[in-house]
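The block underneath contains the structure these notes are about, expressed in structure tokens.
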Amino acid sequence: MQLDVLKQTILDKGVILNGEMLKVDSFLNHQIDPVLMDKIACSFADEFRELNINRIITIESGGIAPALMAASRLGVPLVFCKKTTPKTMRDPLYATVHSYTKNTDSTICMERDLIQPGDRVLFIDDFLANGQAFLGIQKLVQQSGATLVGAGFCIEKAWQSGHDIVEKTGIPWCSLVRIQSIKDGQIEFT
Ligand code: 5GP
């Protein structure tokens, strides 16, 4: 499934940085276009409706907007993992994630009782690059005793290793826009 309106928005408003990073902060992860987010959410809802999920999970902050809209469409709560542990967190679960954008390791955390054994969890994120965020989420969901039943990404950078990492798990997953390459300032979609 490819979402043409997201492709067009990337072409119109995306900015290429350092050859292979895509800056999307005028519509996706800083300033947020709510109409576009709702179209993204509808696509995820159509894709994953049959999975009987009862939670969506994401990581702050880039994933929150599309994940929240998808959660609203599917009528389930959203849990977003935090990158710093607040003093109010009583029983945190932790996982380490290597950040592609910052080139550092960070620890994500989540209050243990927000996701229960037996829950069916869908991961939504803004980008799929090297799959490190996905692996961190997989570890957290595993620790909680729930099942990660699907994953949805707004933008996939297909030349990076995330595609194979997610594919190997065998769970249903999709990306709404798949970028094949960014060469000489040109974005090529698959
Ligand atoms: P991964 O964990 O798959 O290596 O990278 C996914 C995370 O890195 C996403 O949550 C996103 O925040 C960030 N990311 C990866 N590539 C890009 C990019 O080209 N642009 C932006 N803005 N973020 C990216």
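Each chain in the structure tokens gets a letter, A, B and so on, in the order shown; residues start at 1 in every chain, and ligands are counted from 1 in the order they appear.
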- Using only C-alpha atoms and all ligand atoms, find each protein or nucleic acid residue lying at most 7 Å from ligand 1; present the set as a list in words. Glu20, Met21, Leu22, Lys23, Val24, Gly62, Gly63, His98, Ser99, Tyr100, Thr101, Asp125, Asp126, Phe127, Leu128, Ala129, Asn130, Gly131, Gln132, Ala133, Phe134 and Gly162 of chain A
From the DSSP assignment of the backbone, select every residue of chain A that is strand (DSSP E or B), and format the answer as a CSV table (one decimal) with C-alpha atoms, in the first residue's frame.
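Saved file out-v4.csv follows:
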chain,number,residue,atom,x,y,z
A,15,VAL,CA,14.1,18.6,2.9
A,16,ILE,CA,17.1,16.3,2.2
A,17,LEU,CA,19.9,16.5,4.7
A,21,MET,CA,18.2,12.1,6.0
A,22,LEU,CA,14.8,13.4,5.3
A,23,LYS,CA,13.6,16.4,7.3
A,55,ARG,CA,-3.0,-1.2,22.2
A,56,ILE,CA,-0.8,0.9,19.9
A,57,ILE,CA,2.7,1.6,21.0
A,58,THR,CA,5.2,4.2,19.7
A,59,ILE,CA,8.3,6.2,20.8
A,78,LEU,CA,-1.9,4.7,22.6
A,79,VAL,CA,1.2,4.1,24.8
A,80,PHE,CA,4.2,6.1,23.9
A,81,CYS,CA,7.6,5.1,25.3
A,82,LYS,CA,9.6,7.9,26.9
A,92,PRO,CA,9.5,1.0,34.4
A,93,LEU,CA,10.4,-1.5,31.7
A,94,TYR,CA,13.6,-0.5,29.8
A,95,ALA,CA,15.1,-1.2,26.4
A,96,THR,CA,18.2,0.3,24.6
A,97,VAL,CA,17.7,1.8,21.2
A,98,HIS,CA,20.4,3.1,18.9
A,99,SER,CA,19.2,6.4,17.4
A,104,THR,CA,23.8,7.6,20.1
A,105,ASP,CA,22.3,4.9,22.2
A,106,SER,CA,19.3,5.8,24.3
A,107,THR,CA,17.1,4.0,26.8
A,108,ILE,CA,13.4,4.0,26.2
A,109,CYS,CA,11.0,3.2,29.0
A,110,MET,CA,7.4,2.5,29.7
A,111,GLU,CA,5.3,1.9,32.8
A,120,ARG,CA,-2.1,-7.4,21.2
A,121,VAL,CA,0.1,-4.5,20.4
A,122,LEU,CA,0.6,-2.6,17.1
A,123,PHE,CA,3.8,-0.5,16.7
A,124,ILE,CA,3.5,2.7,14.7
A,125,ASP,CA,6.4,5.0,13.9
A,126,ASP,CA,7.3,7.9,11.6
A,127,PHE,CA,10.3,6.3,9.9
A,128,LEU,CA,11.7,2.8,9.4
A,147,THR,CA,2.4,-9.8,21.8
A,148,LEU,CA,3.7,-7.5,19.1
A,149,VAL,CA,1.2,-8.4,16.3
A,150,GLY,CA,2.0,-5.7,13.7
A,151,ALA,CA,4.0,-2.7,12.7
A,152,GLY,CA,3.3,0.3,10.6
A,153,PHE,CA,5.7,3.0,9.4
A,154,CYS,CA,4.8,6.3,7.6
A,155,ILE,CA,8.1,6.4,5.6
A,156,GLU,CA,10.5,3.6,4.9
A,157,LYS,CA,14.0,4.2,3.7
A,173,TRP,CA,3.7,-4.8,8.6
A,174,CYS,CA,3.5,-2.0,6.1
A,175,SER,CA,5.0,1.3,5.2
A,176,LEU,CA,2.9,4.0,3.6
A,177,VAL,CA,5.6,5.4,1.5
A,178,ARG,CA,8.8,3.5,0.5
A,179,ILE,CA,11.7,5.5,-0.6
A,180,GLN,CA,14.1,3.5,-2.8
A,181,SER,CA,16.9,6.0,-2.8
A,182,ILE,CA,17.9,9.6,-2.3
A,183,LYS,CA,20.5,10.5,-5.0
A,186,GLN,CA,16.3,13.5,-5.8
A,187,ILE,CA,13.9,11.2,-3.9
A,188,GLU,CA,13.0,8.0,-5.7
A,189,PHE,CA,10.0,6.0,-4.5
Between CA of Ser72 (chain A) and CA of Leu6 (chain A) lies a distance of 19.5 Å
Within 7 Å of Phe44 (chain A), counting only C-alpha atoms, which residues qualify if same-chain residues fewer than 4 places away don't, as a PyMOL selection string? chain A and resi 40+48+70+152
From the list A:Met37, A:Glu50, A:Lys102, A:Ala158, the nearest residue to Thr190 (chain A) using only C-alpha atoms is A:Ala158
Between A:Leu51, A:Ala45, A:Met89, A:Trp159, smallest distance to Arg73 (chain A) by only C-alpha atoms belongs to A:Ala45
Subject >> Pairwise distance for CA of Thr85 (chain A) and CA of His30 (chain A), rounded to one decimal in Å >> reply: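 Value for the CA of Thr85 (chain A)-CA of His30 (chain A) distance: 21.9 Å.
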If we count only C-alpha atoms, what is near Gly145 (chain A) at a cut-off of 12 Å, once residues fewer than 3 positions away on the same chain are taken out, given as a list in words?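 Here the qualifying residues turn out to be Leu93, Arg112, Asp113, Leu114, Ile115, Gln116, Pro117, Gly118, Asp119, Arg120, Val121, Gln138, Lys139, Leu140, Val141, Gln142 and Leu148 of chain A.
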